[in-house]
Each structure stands twice: as structure tokens, then as C-alpha cells.
>>> print(open('structure.csv').read())   # CSV, C-alpha atoms
chain,number,residue,atom,x,y,z
S,16,MET,CA,64.7,154.3,83.0
S,17,GLY,CA,62.2,156.3,81.0
S,18,ILE,CA,60.5,156.2,77.7
S,19,PRO,CA,62.6,155.1,74.8
S,20,SER,CA,62.9,157.7,72.1
S,21,GLU,CA,61.2,155.6,69.5
S,22,MET,CA,58.1,155.1,71.7
S,23,ARG,CA,58.0,158.8,72.5
S,24,ASP,CA,58.2,159.8,68.8
S,25,ILE,CA,55.3,157.4,68.0
S,26,TRP,CA,53.1,158.9,70.8
S,27,VAL,CA,54.0,162.5,69.7
S,28,ASN,CA,53.1,161.7,66.1
S,29,LYS,CA,49.9,160.0,67.1
S,30,ARG,CA,48.7,163.2,68.7
S,31,ASN,CA,49.2,165.2,65.6
S,32,GLY,CA,48.1,162.6,63.1
S,33,PHE,CA,45.1,160.3,62.9
S,34,ILE,CA,42.8,161.5,65.6
S,35,ILE,CA,39.4,162.5,64.2
S,36,ALA,CA,37.2,164.7,66.3
S,37,SER,CA,33.8,163.3,67.3
S,38,PRO,CA,30.7,165.4,66.6
S,39,LEU,CA,30.1,165.1,70.3
S,40,ASP,CA,33.3,167.0,71.0
S,41,ASP,CA,32.0,169.9,68.9
S,42,GLN,CA,28.7,169.9,70.8
S,43,ASN,CA,30.5,169.7,74.1
S,44,ALA,CA,32.6,172.7,73.2
S,45,LEU,CA,29.5,174.7,72.2
S,46,ASN,CA,27.8,173.7,75.5
S,47,ALA,CA,30.9,174.9,77.4
S,48,ARG,CA,30.9,178.2,75.5
S,49,ARG,CA,27.2,178.7,76.4
S,50,LYS,CA,28.0,178.1,80.1
S,51,LEU,CA,30.8,180.7,79.8
S,52,CYS,CA,28.3,183.1,78.2
S,53,ASN,CA,26.0,182.8,81.1
S,54,GLN,CA,28.8,183.5,83.6
S,55,GLU,CA,30.1,186.4,81.5
S,56,SER,CA,26.6,187.9,81.4
S,57,ILE,CA,26.1,187.7,85.1
S,58,ARG,CA,29.6,189.1,85.8
S,59,GLU,CA,29.1,192.1,83.4
S,60,GLY,CA,25.6,192.7,84.8
S,61,PHE,CA,26.8,192.7,88.4
S,62,LYS,CA,29.6,195.2,87.5
S,63,ASN,CA,27.2,197.6,85.9
S,64,ALA,CA,24.6,197.1,88.7
S,65,THR,CA,27.1,198.1,91.3
S,66,ILE,CA,28.2,201.2,89.3
S,67,ALA,CA,24.5,202.2,88.9
S,68,ALA,CA,23.9,201.7,92.6
S,69,VAL,CA,26.6,204.1,93.5
S,70,VAL,CA,25.7,206.6,90.8
S,71,SER,CA,22.0,206.6,91.8
S,72,ALA,CA,22.7,206.5,95.6
S,73,VAL,CA,24.8,209.7,95.8
S,74,PRO,CA,22.3,212.1,94.2
S,75,THR,CA,19.4,210.5,96.0
S,76,LEU,CA,21.0,210.8,99.4
S,77,VAL,CA,22.2,214.3,98.7
S,78,ALA,CA,18.7,215.3,97.5
S,79,VAL,CA,17.1,213.9,100.6
S,80,ARG,CA,19.4,216.0,102.8
S,81,LYS,CA,19.3,219.3,100.8
S,82,ILE,CA,15.9,219.6,98.9
S,83,PRO,CA,12.9,220.3,101.2
S,84,TRP,CA,10.4,218.4,99.0
S,85,ALA,CA,12.6,215.3,99.0
S,86,LYS,CA,13.2,215.6,102.7
S,87,ALA,CA,9.5,215.7,103.3
S,88,ASN,CA,8.4,213.0,100.9
S,89,LEU,CA,11.1,210.4,100.4
S,90,ASN,CA,11.4,208.1,103.3
S,91,TYR,CA,13.9,205.2,103.6
S,92,THR,CA,11.8,202.9,101.6
S,93,ALA,CA,11.5,205.3,98.7
S,94,GLN,CA,15.2,205.9,98.7
S,95,ALA,CA,15.9,202.2,98.6
S,96,LEU,CA,13.4,201.7,95.8
S,97,ILE,CA,15.1,204.5,93.7
S,98,ILE,CA,18.5,203.0,94.2
S,99,SER,CA,17.5,199.4,93.7
S,100,ALA,CA,15.4,200.2,90.6
S,101,ALA,CA,18.5,201.7,88.9
S,102,SER,CA,20.6,198.7,89.9
S,103,ILE,CA,18.2,196.1,88.7
S,104,ALA,CA,17.6,197.9,85.4
S,105,ALA,CA,21.4,198.2,84.8
S,106,PHE,CA,21.9,194.5,85.6
S,107,PHE,CA,19.2,193.2,83.3
S,108,ILE,CA,20.0,195.5,80.4
S,109,THR,CA,23.7,194.6,80.6
S,110,ALA,CA,23.1,190.9,81.0
S,111,ASP,CA,20.7,190.9,78.1
S,112,LYS,CA,23.1,192.7,75.8
S,113,THR,CA,26.0,190.4,76.8
S,114,THR,CA,23.8,187.3,76.3
S,115,LEU,CA,22.8,188.5,72.8
S,116,GLU,CA,26.4,189.2,71.8
S,117,CYS,CA,27.5,185.8,73.0
S,118,ALA,CA,24.6,184.1,71.2
S,119,ARG,CA,25.7,185.9,68.0
S,120,ARG,CA,29.2,184.6,68.4
S,121,ASN,CA,28.0,181.1,69.1
S,122,ALA,CA,25.8,181.2,66.0
S,123,LEU,CA,28.7,182.2,63.9
S,124,LEU,CA,30.8,179.4,65.4
S,125,GLU,CA,28.0,176.8,64.7
S,126,ASP,CA,27.8,178.0,61.1
S,127,ALA,CA,31.5,177.6,60.7
S,128,LEU,CA,31.4,174.1,62.2
S,129,ARG,CA,28.5,173.2,59.9
S,130,ARG,CA,30.4,174.3,56.8
S,131,GLN,CA,33.5,172.2,57.8
S,132,ARG,CA,31.5,169.0,57.6
>>> encode(input="structure.csv", output="C-alpha cells")
Amino acid sequence: MGIPSEMRDIWVNKRNGFIIASPLDDQNALNARRKLCNQESIREGFKNATIAAVVSAVPTLVAVRKIPWAKANLNYTAQALIISAASIAAFFITADKTTLECARRNALLEDALRRQR
């Protein structure tokens, strides 16, 4: 029981031999890479946003406790705005940089695929 060796050899050789990739396959691969780029941008942006939140939260909260001006003028809303502004800026800057880097890689890949044809 099983696949005879001649049939197996034919199937193995078929995989390496006469298959021609469709242009749709190339386009599907590019679309998949673009989707991965979006996910990568979001992931990197979130990482840097969390780091920025911690880095901006510590001095803000210490300043509110120790500096008299900050203690008098920075209520909870102001503290939250300072911390969230830093996080949002870090997220969008990082996501934009990652997206541009990924677009550059995709453009190089598209050029290489265009030259193959």
C-alpha cells in the first residue's frame, strides 16, 4: 500500500519542473507583504508608544509631587494630556517611519519583478 516509486518521482519532478507562476501570484504576494507592513507598523508604533508613556509618566508624576508650580497648576487632566501626547506622537512617528521603510522595500521588489518579465 502506498504510492509507487515511479508515481512519486513524477510528482516530485512536476513540482520542480514545468510550473509557470501566474502574474496574479506575484500580485498576491505583494498584497500579502503590504498587509504584513501594516501589522509591522502598528506593532512597532505600539512598542514605542508604551516606552514613551513610561518615560514621560515618571518625570511628570515626580514633578507634580515635588515642584510647587506643577503641584499647583497641573491637575489630573493635564498630567494625562502630557503623557498621552508623548505616547501618541511616538506611535505615529514610528508607524510612519516603518510604513515608509516597508514601502521602499516593496518598491524595490516590484522593480525586480518587473525586470524579470
>>> closest_residue(input="structure.csv", among="S:Thr109, S:Ala101, S:Asn46, S:Lys81", to="S:Ala67", atoms="all atoms listed in the file")
S:Ala101
>>> atom_distance(input="structure.csv", atom1="atom CA of S:Asn63", atom2="atom CA of S:Leu123")
26.9 Å
>>> residues_around(input="structure.csv", residues="S:Val70", least_positions_apart="2", cutoff="12 Å", atoms="all atoms listed in the file", output="PyMOL selection string")
chain S and resi 63-68+72-77+97-99+101-102+105
>>> atom_distance(input="structure.csv", atom1="atom CA of S:Gln54", atom2="atom CA of S:Asp126")
23.2 Å
>>> residues_near_point(input="structure.csv", point="(24.6, 193.7, 84.9)", cutoff="7 Å", atoms="all atoms listed in the file", output="list in words")
Ile57, Arg58, Glu59, Gly60, Phe61, Lys62, Asn63, Ala64, Ala105, Phe106, Phe107, Ile108, Thr109 and Ala110 of chain S
>>> closest_residue(input="structure.csv", among="S:Lys50, S:Val79, S:Asn43, S:Arg120", to="S:Ala93", atoms="all atoms listed in the file")
S:Val79
>>> closest_residue(input="structure.csv", among="S:Ala78, S:Ala87, S:Cys117, S:Ala100", to="S:Leu51", atoms="all atoms listed in the file")
S:Cys117
>>> atom_distance(input="structure.csv", atom1="atom CA of S:Leu115", atom2="atom CA of S:Arg129")
20.8 Å
>>> closest_residue(input="structure.csv", among="S:Ser71, S:Gln131, S:Cys52, S:Thr114", to="S:Leu96", atoms="only C-alpha atoms")
S:Ser71
